[in-house]
2 protein chains.
Amino acid sequence: MNRVREYRKNRGLSQFALAEKVGVARQTVNLIENGKYNPSLKLCISLAEELGTDLNTLFWKVDETK
Amino acid sequence: MNRVREYRKNRGLSQFALAEKVGVARQTVNLIENGKYNPSLKLCISLAEELGTDLNTLFWKVDETK
DNA sequence: TCCTTTTGTCACATATATATGTCATTAACA
DNA sequence: TGTTAATGACATATATATGTGACAAAAGGA
């Protein structure tokens, strides 16, 4: 689905802390991590920057078997 | 801003043709190419797949000086 | 010239991303 | 035990992405 949770945990951030850093509500991060919806490009870019990675790593053809 | 127009033209597609392929309205492609809004992740992925490229290439830190 | 395609733009409608407030559950820790 | 932090989930409201229909301007080909 995506690797937001994985990268967030690697940075020791809670959903709330990450949400604050990228300027959205905690529920928004929760729903994205659980694949319940489809974030905007701007938010994807903010998440990638805040997590020290890039769009492809977080969202491009994530290998679900890992 | 992004490189959708560049990749679309390289493939010889009109905005309408690309819009049909990814299942959105022509106006949506037009607005994205002109940076007038902020597409959803799913649409970004569809565009990247249809244009034979990936998220980072189309949308990540595009060098405007080119 | 004329005809067609492409592009930019407008107004209006609809779907959905996101916010806000709240509650329940679990884990960690005093 | 009790308390706090973290997470998942719900209802409702708002902002905005996207659709639809239309028009004008520019470019290319007959």
# chains A, B, ... in the order shown; residues from 1 in each chain; ligands from 1
$ residues_around --residues "DA25 (chain D)" --least-positions-apart "4" --cutoff "12 Å" --atoms "only C-alpha atoms (C1' of nucleotides)" --output "list in words"
DT6, DT7, DG8 and DT9 of chain C
$ write_last_selection --atoms "all heavy atoms" --output "PDB file, in the first residue's frame"
ATOM      1  P    DT C   6      -5.979  16.357 -31.422  1.00  0.00           P
ATOM      2  OP1  DT C   6      -4.872  15.394 -31.562  1.00  0.00           O
ATOM      3  OP2  DT C   6      -7.284  15.940 -30.831  1.00  0.00           O
ATOM      4  O5'  DT C   6      -5.446  17.616 -30.599  1.00  0.00           O
ATOM      5  C5'  DT C   6      -4.384  18.393 -31.125  1.00  0.00           C
ATOM      6  C4'  DT C   6      -4.246  19.667 -30.335  1.00  0.00           C
ATOM      7  O4'  DT C   6      -5.327  20.561 -30.684  1.00  0.00           O
ATOM      8  C3'  DT C   6      -4.307  19.488 -28.811  1.00  0.00           C
ATOM      9  O3'  DT C   6      -3.050  19.835 -28.267  1.00  0.00           O
ATOM     10  C2'  DT C   6      -5.441  20.427 -28.367  1.00  0.00           C
ATOM     11  C1'  DT C   6      -5.593  21.355 -29.558  1.00  0.00           C
ATOM     12  N1   DT C   6      -6.942  21.959 -29.759  1.00  0.00           N
ATOM     13  C2   DT C   6      -7.076  23.329 -29.785  1.00  0.00           C
ATOM     14  O2   DT C   6      -6.141  24.087 -29.641  1.00  0.00           O
ATOM     15  N3   DT C   6      -8.354  23.780 -29.979  1.00  0.00           N
ATOM     16  C4   DT C   6      -9.494  23.009 -30.157  1.00  0.00           C
ATOM     17  O4   DT C   6     -10.595  23.532 -30.321  1.00  0.00           O
ATOM     18  C5   DT C   6      -9.284  21.585 -30.123  1.00  0.00           C
ATOM     19  C7   DT C   6     -10.441  20.660 -30.297  1.00  0.00           C
ATOM     20  C6   DT C   6      -8.027  21.124 -29.924  1.00  0.00           C
ATOM     21  P    DT C   7      -2.701  19.623 -26.735  1.00  0.00           P
ATOM     22  OP1  DT C   7      -1.249  19.487 -26.600  1.00  0.00           O
ATOM     23  OP2  DT C   7      -3.615  18.576 -26.217  1.00  0.00           O
ATOM     24  O5'  DT C   7      -3.126  21.021 -26.089  1.00  0.00           O
ATOM     25  C5'  DT C   7      -2.521  22.209 -26.572  1.00  0.00           C
ATOM     26  C4'  DT C   7      -3.256  23.435 -26.063  1.00  0.00           C
ATOM     27  O4'  DT C   7      -4.599  23.440 -26.596  1.00  0.00           O
ATOM     28  C3'  DT C   7      -3.424  23.502 -24.546  1.00  0.00           C
ATOM     29  O3'  DT C   7      -2.606  24.539 -24.053  1.00  0.00           O
ATOM     30  C2'  DT C   7      -4.923  23.799 -24.339  1.00  0.00           C
ATOM     31  C1'  DT C   7      -5.386  24.202 -25.720  1.00  0.00           C
ATOM     32  N1   DT C   7      -6.802  23.899 -26.043  1.00  0.00           N
ATOM     33  C2   DT C   7      -7.678  24.950 -26.281  1.00  0.00           C
ATOM     34  O2   DT C   7      -7.345  26.114 -26.235  1.00  0.00           O
ATOM     35  N3   DT C   7      -8.962  24.569 -26.582  1.00  0.00           N
ATOM     36  C4   DT C   7      -9.450  23.275 -26.662  1.00  0.00           C
ATOM     37  O4   DT C   7     -10.622  23.054 -26.940  1.00  0.00           O
ATOM     38  C5   DT C   7      -8.485  22.231 -26.410  1.00  0.00           C
ATOM     39  C7   DT C   7      -8.905  20.795 -26.465  1.00  0.00           C
ATOM     40  C6   DT C   7      -7.220  22.589 -26.115  1.00  0.00           C
ATOM     41  P    DG C   8      -2.404  24.745 -22.469  1.00  0.00           P
ATOM     42  OP1  DG C   8      -1.078  25.344 -22.259  1.00  0.00           O
ATOM     43  OP2  DG C   8      -2.756  23.489 -21.785  1.00  0.00           O
ATOM     44  O5'  DG C   8      -3.517  25.840 -22.124  1.00  0.00           O
ATOM     45  C5'  DG C   8      -3.380  27.135 -22.682  1.00  0.00           C
ATOM     46  C4'  DG C   8      -4.597  27.980 -22.353  1.00  0.00           C
ATOM     47  O4'  DG C   8      -5.762  27.400 -22.995  1.00  0.00           O
ATOM     48  C3'  DG C   8      -4.941  28.065 -20.861  1.00  0.00           C
ATOM     49  O3'  DG C   8      -4.981  29.442 -20.496  1.00  0.00           O
ATOM     50  C2'  DG C   8      -6.311  27.396 -20.742  1.00  0.00           C
ATOM     51  C1'  DG C   8      -6.874  27.541 -22.143  1.00  0.00           C
ATOM     52  N9   DG C   8      -7.835  26.513 -22.529  1.00  0.00           N
ATOM     53  C8   DG C   8      -7.631  25.163 -22.520  1.00  0.00           C
ATOM     54  N7   DG C   8      -8.663  24.469 -22.924  1.00  0.00           N
ATOM     55  C5   DG C   8      -9.618  25.434 -23.219  1.00  0.00           C
ATOM     56  C6   DG C   8     -10.940  25.297 -23.705  1.00  0.00           C
ATOM     57  O6   DG C   8     -11.558  24.255 -23.976  1.00  0.00           O
ATOM     58  N1   DG C   8     -11.565  26.524 -23.875  1.00  0.00           N
ATOM     59  C2   DG C   8     -10.983  27.743 -23.606  1.00  0.00           C
ATOM     60  N2   DG C   8     -11.731  28.817 -23.823  1.00  0.00           N
ATOM     61  N3   DG C   8      -9.738  27.891 -23.153  1.00  0.00           N
ATOM     62  C4   DG C   8      -9.117  26.697 -22.985  1.00  0.00           C
ATOM     63  P    DT C   9      -5.146  29.881 -18.959  1.00  0.00           P
ATOM     64  OP1  DT C   9      -4.517  31.212 -18.824  1.00  0.00           O
ATOM     65  OP2  DT C   9      -4.715  28.753 -18.107  1.00  0.00           O
ATOM     66  O5'  DT C   9      -6.728  30.042 -18.792  1.00  0.00           O
ATOM     67  C5'  DT C   9      -7.444  30.795 -19.757  1.00  0.00           C
ATOM     68  C4'  DT C   9      -8.939  30.619 -19.611  1.00  0.00           C
ATOM     69  O4'  DT C   9      -9.362  29.355 -20.188  1.00  0.00           O
ATOM     70  C3'  DT C   9      -9.459  30.599 -18.168  1.00  0.00           C
ATOM     71  O3'  DT C   9     -10.266  31.741 -17.960  1.00  0.00           O
ATOM     72  C2'  DT C   9     -10.293  29.312 -18.081  1.00  0.00           C
ATOM     73  C1'  DT C   9     -10.566  29.018 -19.546  1.00  0.00           C
ATOM     74  N1   DT C   9     -10.869  27.600 -19.854  1.00  0.00           N
ATOM     75  C2   DT C   9     -12.088  27.302 -20.420  1.00  0.00           C
ATOM     76  O2   DT C   9     -12.923  28.139 -20.702  1.00  0.00           O
ATOM     77  N3   DT C   9     -12.307  25.964 -20.667  1.00  0.00           N
ATOM     78  C4   DT C   9     -11.432  24.924 -20.409  1.00  0.00           C
ATOM     79  O4   DT C   9     -11.740  23.768 -20.666  1.00  0.00           O
ATOM     80  C5   DT C   9     -10.171  25.315 -19.808  1.00  0.00           C
ATOM     81  C7   DT C   9      -9.179  24.263 -19.473  1.00  0.00           C
ATOM     82  C6   DT C   9      -9.955  26.618 -19.567  1.00  0.00           C
TER      83       DT C   9
END
$ closest_atom_pairs --of "chain D" --to "chain A" --cutoff "12 Å" --atoms "only C-alpha atoms (C1' of nucleotides)" --output "Markdown table"
| residue | atom | partner | partner_atom | distance |
| --- | --- | --- | --- | --- |
| D:DA5 | C1' | A:Ser14 | CA | 9.4 |
| D:DA6 | C1' | A:Ser14 | CA | 7.1 |
| D:DT7 | C1' | A:Asn30 | CA | 8.2 |
| D:DG8 | C1' | A:Asn30 | CA | 8.0 |
| D:DA9 | C1' | A:Gln27 | CA | 9.5 |
| D:DC10 | C1' | A:Gln27 | CA | 11.4 |
| D:DT16 | C1' | A:Ser40 | CA | 10.3 |
| D:DA17 | C1' | A:Ser40 | CA | 8.9 |
$ write_last_selection --atoms "N, CA, C and O atoms (P, O5', C5', C4', C3', O3' and C1' of nucleotides)" --output "CSV table (one decimal), in the first residue's frame"
chain,number,residue,atom,x,y,z
D,5,DA,P,0.4,12.2,28.0
D,5,DA,O5',0.8,11.1,26.9
D,5,DA,C5',2.0,10.3,27.2
D,5,DA,C4',2.2,9.3,26.1
D,5,DA,C3',1.9,9.9,24.7
D,5,DA,O3',2.8,9.3,23.7
D,5,DA,C1',0.4,8.1,25.1
D,6,DA,P,2.8,9.7,22.2
D,6,DA,O5',2.1,8.5,21.5
D,6,DA,C5',2.6,7.2,21.6
D,6,DA,C4',1.6,6.2,20.9
D,6,DA,C3',1.2,6.6,19.5
D,6,DA,O3',1.5,5.6,18.6
D,6,DA,C1',-0.7,6.0,20.9
D,7,DT,P,1.3,5.8,17.1
D,7,DT,O5',-0.1,5.1,16.8
D,7,DT,C5',-0.3,3.8,17.2
D,7,DT,C4',-1.7,3.4,17.1
D,7,DT,C3',-2.4,3.7,15.8
D,7,DT,O3',-2.7,2.4,15.2
D,7,DT,C1',-3.8,4.2,17.7
D,8,DG,P,-3.2,2.3,13.7
D,8,DG,O5',-4.8,2.2,13.9
D,8,DG,C5',-5.3,1.1,14.6
D,8,DG,C4',-6.8,1.2,14.8
D,8,DG,C3',-7.6,1.6,13.5
D,8,DG,O3',-8.6,0.6,13.3
D,8,DG,C1',-8.2,3.0,15.2
D,9,DA,P,-9.6,0.6,12.0
D,9,DA,O5',-10.8,1.5,12.5
D,9,DA,C5',-11.5,1.1,13.7
D,9,DA,C4',-12.5,2.2,14.1
D,9,DA,C3',-13.3,2.8,12.9
D,9,DA,O3',-14.7,2.4,13.1
D,9,DA,C1',-12.6,4.5,14.4
D,10,DC,P,-15.8,2.5,11.9
D,10,DC,O5',-16.7,3.7,12.3
D,10,DC,C5',-17.4,3.7,13.5
D,10,DC,C4',-17.8,5.1,13.9
D,10,DC,C3',-18.5,5.9,12.8
D,10,DC,O3',-19.9,5.9,13.0
D,10,DC,C1',-16.9,7.2,14.1
D,16,DT,P,-9.1,25.2,0.0
D,16,DT,O5',-9.2,24.0,-1.0
D,16,DT,C5',-8.7,22.8,-0.6
D,16,DT,C4',-9.0,21.7,-1.7
D,16,DT,C3',-8.8,22.2,-3.1
D,16,DT,O3',-8.4,21.1,-3.9
D,16,DT,C1',-10.9,21.3,-2.9
D,17,DA,P,-7.1,21.1,-4.9
D,17,DA,O5',-7.2,19.7,-5.7
D,17,DA,C5',-7.3,18.5,-4.9
D,17,DA,C4',-8.1,17.5,-5.6
D,17,DA,C3',-7.9,17.2,-7.0
D,17,DA,O3',-8.0,15.8,-7.3
D,17,DA,C1',-10.1,17.8,-6.7
$ interface_residues --of "chain C" --to "chain A" --cutoff "7 Å" --atoms "only C-alpha atoms (C1' of nucleotides)" --output "PyMOL selection string"
chain C and resi 17-19
$ write_last_selection --atoms "C-alpha atoms (C1' of nucleotides)" --output "tab-separated table (two decimals), in the first residue's frame"
chain	number	residue	atom	x	y	z
C	17	DA	C1'	-9.70	14.71	0.97
C	18	DT	C1'	-9.09	16.83	5.18
C	19	DA	C1'	-10.50	19.03	9.81
$ interface_residues --of "chain A" --to "chain B" --cutoff "8 Å" --atoms "only C-alpha atoms" --output "list in words"
Asn38, Pro39, Ser40, Leu41, Lys42, Cys44, Ile45, Asp54, Leu55, Asn56 and Trp60 of chain A
$ write_last_selection --atoms "all heavy atoms" --output "JSON list (two decimals), in the first residue's frame"
[["chain", "number", "residue", "atom", "x", "y", "z"],
["A", 38, "ASN", "N", -6.52, 8.47, -0.36],
["A", 38, "ASN", "CA", -5.78, 8.85, -1.52],
["A", 38, "ASN", "C", -5.27, 10.29, -1.33],
["A", 38, "ASN", "O", -5.96, 11.24, -1.65],
["A", 38, "ASN", "CB", -6.82, 8.75, -2.65],
["A", 38, "ASN", "CG", -6.23, 8.96, -4.01],
["A", 38, "ASN", "OD1", -5.02, 8.92, -4.17],
["A", 38, "ASN", "ND2", -7.09, 9.22, -4.97],
["A", 39, "PRO", "N", -4.08, 10.46, -0.73],
["A", 39, "PRO", "CA", -3.64, 11.81, -0.37],
["A", 39, "PRO", "C", -3.35, 12.66, -1.60],
["A", 39, "PRO", "O", -3.19, 12.15, -2.71],
["A", 39, "PRO", "CB", -2.36, 11.55, 0.43],
["A", 39, "PRO", "CG", -1.89, 10.22, -0.01],
["A", 39, "PRO", "CD", -3.09, 9.43, -0.40],
["A", 40, "SER", "N", -3.25, 13.96, -1.38],
["A", 40, "SER", "CA", -2.88, 14.86, -2.47],
["A", 40, "SER", "C", -1.37, 14.80, -2.70],
["A", 40, "SER", "O", -0.60, 14.40, -1.82],
["A", 40, "SER", "CB", -3.28, 16.29, -2.12],
["A", 40, "SER", "OG", -2.47, 16.77, -1.07],
["A", 41, "LEU", "N", -0.96, 15.20, -3.90],
["A", 41, "LEU", "CA", 0.46, 15.21, -4.23],
["A", 41, "LEU", "C", 1.25, 16.07, -3.25],
["A", 41, "LEU", "O", 2.32, 15.67, -2.79],
["A", 41, "LEU", "CB", 0.64, 15.72, -5.67],
["A", 41, "LEU", "CG", 2.09, 15.89, -6.12],
["A", 41, "LEU", "CD1", 2.86, 14.59, -6.06],
["A", 41, "LEU", "CD2", 2.13, 16.50, -7.52],
["A", 42, "LYS", "N", 0.72, 17.24, -2.93],
["A", 42, "LYS", "CA", 1.46, 18.12, -2.00],
["A", 42, "LYS", "C", 1.70, 17.44, -0.68],
["A", 42, "LYS", "O", 2.79, 17.56, -0.10],
["A", 42, "LYS", "CB", 0.67, 19.43, -1.76],
["A", 42, "LYS", "CG", 0.90, 20.47, -2.82],
["A", 42, "LYS", "CD", 0.25, 21.81, -2.42],
["A", 42, "LYS", "CE", 0.31, 22.79, -3.59],
["A", 42, "LYS", "NZ", -0.45, 24.03, -3.31],
["A", 44, "CYS", "N", 1.81, 14.19, -0.12],
["A", 44, "CYS", "CA", 2.80, 13.13, -0.35],
["A", 44, "CYS", "C", 4.21, 13.70, -0.34],
["A", 44, "CYS", "O", 5.13, 13.11, 0.25],
["A", 44, "CYS", "CB", 2.54, 12.43, -1.68],
["A", 44, "CYS", "SG", 1.01, 11.48, -1.73],
["A", 45, "ILE", "N", 4.40, 14.85, -0.97],
["A", 45, "ILE", "CA", 5.72, 15.47, -1.01],
["A", 45, "ILE", "C", 6.14, 15.91, 0.39],
["A", 45, "ILE", "O", 7.28, 15.68, 0.81],
["A", 45, "ILE", "CB", 5.72, 16.65, -2.02],
["A", 45, "ILE", "CG1", 5.60, 16.11, -3.45],
["A", 45, "ILE", "CG2", 6.97, 17.51, -1.86],
["A", 45, "ILE", "CD1", 5.41, 17.19, -4.51],
["A", 54, "ASP", "N", 11.67, 9.98, -0.55],
["A", 54, "ASP", "CA", 11.12, 10.56, -1.77],
["A", 54, "ASP", "C", 9.82, 9.86, -2.16],
["A", 54, "ASP", "O", 9.42, 8.89, -1.52],
["A", 54, "ASP", "CB", 12.16, 10.47, -2.90],
["A", 54, "ASP", "CG", 12.59, 9.04, -3.11],
["A", 54, "ASP", "OD1", 11.76, 8.22, -3.56],
["A", 54, "ASP", "OD2", 13.76, 8.70, -2.79],
["A", 55, "LEU", "N", 9.20, 10.36, -3.20],
["A", 55, "LEU", "CA", 7.89, 9.83, -3.60],
["A", 55, "LEU", "C", 7.95, 8.37, -3.99],
["A", 55, "LEU", "O", 7.12, 7.57, -3.56],
["A", 55, "LEU", "CB", 7.34, 10.65, -4.78],
["A", 55, "LEU", "CG", 6.94, 12.09, -4.47],
["A", 55, "LEU", "CD1", 6.60, 12.81, -5.77],
["A", 55, "LEU", "CD2", 5.74, 12.11, -3.52],
["A", 56, "ASN", "N", 8.91, 8.01, -4.81],
["A", 56, "ASN", "CA", 8.97, 6.62, -5.26],
["A", 56, "ASN", "C", 9.12, 5.66, -4.08],
["A", 56, "ASN", "O", 8.47, 4.62, -4.04],
["A", 56, "ASN", "CB", 10.14, 6.42, -6.22],
["A", 56, "ASN", "CG", 9.84, 6.95, -7.62],
["A", 56, "ASN", "OD1", 8.72, 7.37, -7.90],
["A", 56, "ASN", "ND2", 10.83, 6.92, -8.47],
["A", 60, "TRP", "N", 5.59, 4.27, -4.57],
["A", 60, "TRP", "CA", 5.64, 3.70, -5.91],
["A", 60, "TRP", "C", 5.81, 2.20, -5.85],
["A", 60, "TRP", "O", 6.85, 1.70, -5.43],
["A", 60, "TRP", "CB", 6.79, 4.33, -6.71],
["A", 60, "TRP", "CG", 6.86, 3.90, -8.14],
["A", 60, "TRP", "CD1", 7.80, 3.07, -8.69],
["A", 60, "TRP", "CD2", 6.01, 4.28, -9.21],
["A", 60, "TRP", "NE1", 7.56, 2.92, -10.02],
["A", 60, "TRP", "CE2", 6.47, 3.64, -10.37],
["A", 60, "TRP", "CE3", 4.86, 5.09, -9.29],
["A", 60, "TRP", "CZ2", 5.85, 3.80, -11.62],
["A", 60, "TRP", "CZ3", 4.25, 5.24, -10.52],
["A", 60, "TRP", "CH2", 4.73, 4.60, -11.66]]
$ atom_distance --atom1 "CA of Arg8 (chain B)" --atom2 "CA of Leu51 (chain B)"
6.6 Å
$ select_by_dssp --residues "chain A" --states "alpha helix (DSSP H)" --output "PyMOL selection string"
chain A and resi 4-10+15-22+26-33+41-50+55-59
$ atom_distance --atom1 "C1' of DT12 (chain D)" --atom2 "CA of Leu13 (chain A)"
28.8 Å
$ residues_around --residues "DG29 (chain D)" --least-positions-apart "4" --cutoff "12 Å" --atoms "only C-alpha atoms (C1' of nucleotides)" --output "PyMOL selection string"
chain C and resi 1-5
$ write_last_selection --atoms "all heavy atoms" --output "compact mmCIF listing (two decimals), in the first residue's frame"
# COMPACT_ATOMS: atom_id res chain seq x y z
P DT C 1 -11.46 35.96 -46.84
OP1 DT C 1 -11.76 35.82 -48.23
OP2 DT C 1 -12.36 35.94 -45.75
O5' DT C 1 -10.25 35.03 -46.65
C5' DT C 1 -10.20 33.83 -45.90
C4' DT C 1 -10.41 32.60 -46.75
O4' DT C 1 -9.16 31.96 -46.99
C3' DT C 1 -11.31 31.58 -46.07
O3' DT C 1 -12.63 31.69 -46.58
C2' DT C 1 -10.69 30.26 -46.50
C1' DT C 1 -9.34 30.59 -47.09
N1 DT C 1 -8.16 29.93 -46.49
C2 DT C 1 -8.02 28.57 -46.55
O2 DT C 1 -8.86 27.85 -47.05
N3 DT C 1 -6.86 28.08 -46.00
C4 DT C 1 -5.84 28.80 -45.43
O4 DT C 1 -4.85 28.26 -44.97
C5 DT C 1 -6.04 30.21 -45.38
C7 DT C 1 -5.00 31.09 -44.79
C6 DT C 1 -7.17 30.72 -45.91
P DC C 2 -13.87 31.43 -45.50
OP1 DC C 2 -15.13 31.72 -46.23
OP2 DC C 2 -13.55 32.15 -44.25
O5' DC C 2 -13.83 29.86 -45.21
C5' DC C 2 -14.13 28.96 -46.27
C4' DC C 2 -13.80 27.54 -45.86
O4' DC C 2 -12.37 27.42 -45.63
C3' DC C 2 -14.47 27.07 -44.57
O3' DC C 2 -15.00 25.77 -44.79
C2' DC C 2 -13.34 27.07 -43.54
C1' DC C 2 -12.14 26.73 -44.41
N1 DC C 2 -10.83 27.20 -43.88
C2 DC C 2 -9.74 26.31 -43.82
O2 DC C 2 -9.90 25.14 -44.19
N3 DC C 2 -8.55 26.76 -43.34
C4 DC C 2 -8.42 28.03 -42.95
N4 DC C 2 -7.22 28.42 -42.50
C5 DC C 2 -9.51 28.95 -43.01
C6 DC C 2 -10.69 28.50 -43.47
P DC C 3 -16.11 25.14 -43.76
OP1 DC C 3 -17.20 24.52 -44.54
OP2 DC C 3 -16.42 26.16 -42.73
O5' DC C 3 -15.28 23.97 -43.08
C5' DC C 3 -14.50 23.09 -43.91
C4' DC C 3 -13.63 22.21 -43.06
O4' DC C 3 -12.39 22.91 -42.75
C3' DC C 3 -14.25 21.82 -41.71
O3' DC C 3 -14.14 20.42 -41.56
C2' DC C 3 -13.45 22.60 -40.68
C1' DC C 3 -12.11 22.78 -41.37
N1 DC C 3 -11.37 24.02 -40.98
C2 DC C 3 -9.99 23.94 -40.72
O2 DC C 3 -9.42 22.84 -40.81
N3 DC C 3 -9.32 25.07 -40.36
C4 DC C 3 -9.98 26.23 -40.27
N4 DC C 3 -9.28 27.31 -39.93
C5 DC C 3 -11.38 26.33 -40.54
C6 DC C 3 -12.03 25.20 -40.88
P DT C 4 -14.82 19.68 -40.27
OP1 DT C 4 -15.43 18.42 -40.75
OP2 DT C 4 -15.65 20.67 -39.55
O5' DT C 4 -13.55 19.31 -39.38
C5' DT C 4 -12.37 18.82 -40.03
C4' DT C 4 -11.25 18.72 -39.03
O4' DT C 4 -10.58 20.00 -38.90
C3' DT C 4 -11.68 18.32 -37.61
O3' DT C 4 -10.92 17.21 -37.20
C2' DT C 4 -11.43 19.56 -36.76
C1' DT C 4 -10.33 20.28 -37.55
N1 DT C 4 -10.33 21.75 -37.38
C2 DT C 4 -9.14 22.39 -37.17
O2 DT C 4 -8.08 21.82 -37.09
N3 DT C 4 -9.24 23.76 -37.04
C4 DT C 4 -10.40 24.52 -37.10
O4 DT C 4 -10.36 25.74 -36.98
C5 DT C 4 -11.61 23.77 -37.34
C7 DT C 4 -12.92 24.50 -37.41
C6 DT C 4 -11.53 22.44 -37.46
P DT C 5 -11.11 16.54 -35.73
OP1 DT C 5 -11.07 15.09 -35.91
OP2 DT C 5 -12.29 17.19 -35.11
O5' DT C 5 -9.79 17.02 -34.96
C5' DT C 5 -8.58 17.12 -35.69
C4' DT C 5 -7.48 17.68 -34.80
O4' DT C 5 -7.51 19.13 -34.83
C3' DT C 5 -7.57 17.27 -33.33
O3' DT C 5 -6.26 16.97 -32.87
C2' DT C 5 -8.15 18.51 -32.65
C1' DT C 5 -7.57 19.63 -33.51
N1 DT C 5 -8.36 20.89 -33.56
C2 DT C 5 -7.71 22.10 -33.44
O2 DT C 5 -6.51 22.19 -33.30
N3 DT C 5 -8.53 23.20 -33.52
C4 DT C 5 -9.91 23.21 -33.68
O4 DT C 5 -10.53 24.25 -33.72
C5 DT C 5 -10.52 21.91 -33.79
C7 DT C 5 -11.99 21.80 -33.95
C6 DT C 5 -9.73 20.82 -33.72
$ atom_distance --atom1 "CA of Val62 (chain A)" --atom2 "CA of Gly12 (chain A)"
21.4 Å
$ residues_around --residues "Glu6 (chain B)" --least-positions-apart "4" --cutoff "10 Å" --atoms "only C-alpha atoms (C1' of nucleotides)" --output "ChimeraX atom specification"
/B:2,10-11,33,51,58
$ write_last_selection --atoms "all heavy atoms" --output "tab-separated table (two decimals), in the first residue's frame"
chain	number	residue	atom	x	y	z
B	2	ASN	N	5.98	20.55	-12.76
B	2	ASN	CA	6.02	19.11	-12.98
B	2	ASN	C	6.36	18.87	-14.45
B	2	ASN	O	6.43	19.82	-15.24
B	2	ASN	CB	4.70	18.43	-12.59
B	2	ASN	CG	3.55	18.80	-13.49
B	2	ASN	OD1	3.57	18.53	-14.70
B	2	ASN	ND2	2.54	19.45	-12.94
B	10	ASN	N	6.35	14.02	-25.55
B	10	ASN	CA	7.29	13.01	-26.05
B	10	ASN	C	6.58	11.76	-26.55
B	10	ASN	O	7.08	11.06	-27.43
B	10	ASN	CB	8.29	12.61	-24.95
B	10	ASN	CG	9.37	13.66	-24.77
B	10	ASN	OD1	9.54	14.54	-25.61
B	10	ASN	ND2	10.08	13.59	-23.66
B	11	ARG	N	5.40	11.50	-25.99
B	11	ARG	CA	4.64	10.33	-26.43
B	11	ARG	C	3.67	10.67	-27.56
B	11	ARG	O	2.90	9.81	-27.98
B	11	ARG	CB	3.87	9.75	-25.25
B	11	ARG	CG	4.78	9.25	-24.14
B	11	ARG	CD	4.42	7.85	-23.77
B	11	ARG	NE	5.57	7.13	-23.24
B	11	ARG	CZ	5.57	5.83	-23.00
B	11	ARG	NH1	4.49	5.12	-23.21
B	11	ARG	NH2	6.64	5.23	-22.53
B	33	GLU	N	-1.06	20.23	-15.68
B	33	GLU	CA	0.12	20.67	-16.43
B	33	GLU	C	0.44	22.13	-16.14
B	33	GLU	O	1.61	22.52	-16.13
B	33	GLU	CB	-0.12	20.49	-17.93
B	33	GLU	CG	-0.07	19.04	-18.37
B	33	GLU	CD	-0.07	18.90	-19.89
B	33	GLU	OE1	-0.22	19.92	-20.60
B	33	GLU	OE2	0.09	17.76	-20.37
B	51	LEU	N	2.66	7.31	-18.86
B	51	LEU	CA	3.75	8.01	-19.55
B	51	LEU	C	5.06	7.24	-19.46
B	51	LEU	O	6.12	7.76	-19.86
B	51	LEU	CB	3.90	9.42	-18.97
B	51	LEU	CG	2.68	10.32	-19.22
B	51	LEU	CD1	2.84	11.67	-18.52
B	51	LEU	CD2	2.44	10.53	-20.71
B	58	LEU	N	8.30	12.59	-12.62
B	58	LEU	CA	7.28	13.57	-13.01
B	58	LEU	C	7.12	14.70	-11.99
B	58	LEU	O	6.87	15.84	-12.36
B	58	LEU	CB	5.92	12.88	-13.18
B	58	LEU	CG	5.67	12.10	-14.46
B	58	LEU	CD1	4.23	11.62	-14.50
B	58	LEU	CD2	5.99	12.92	-15.69
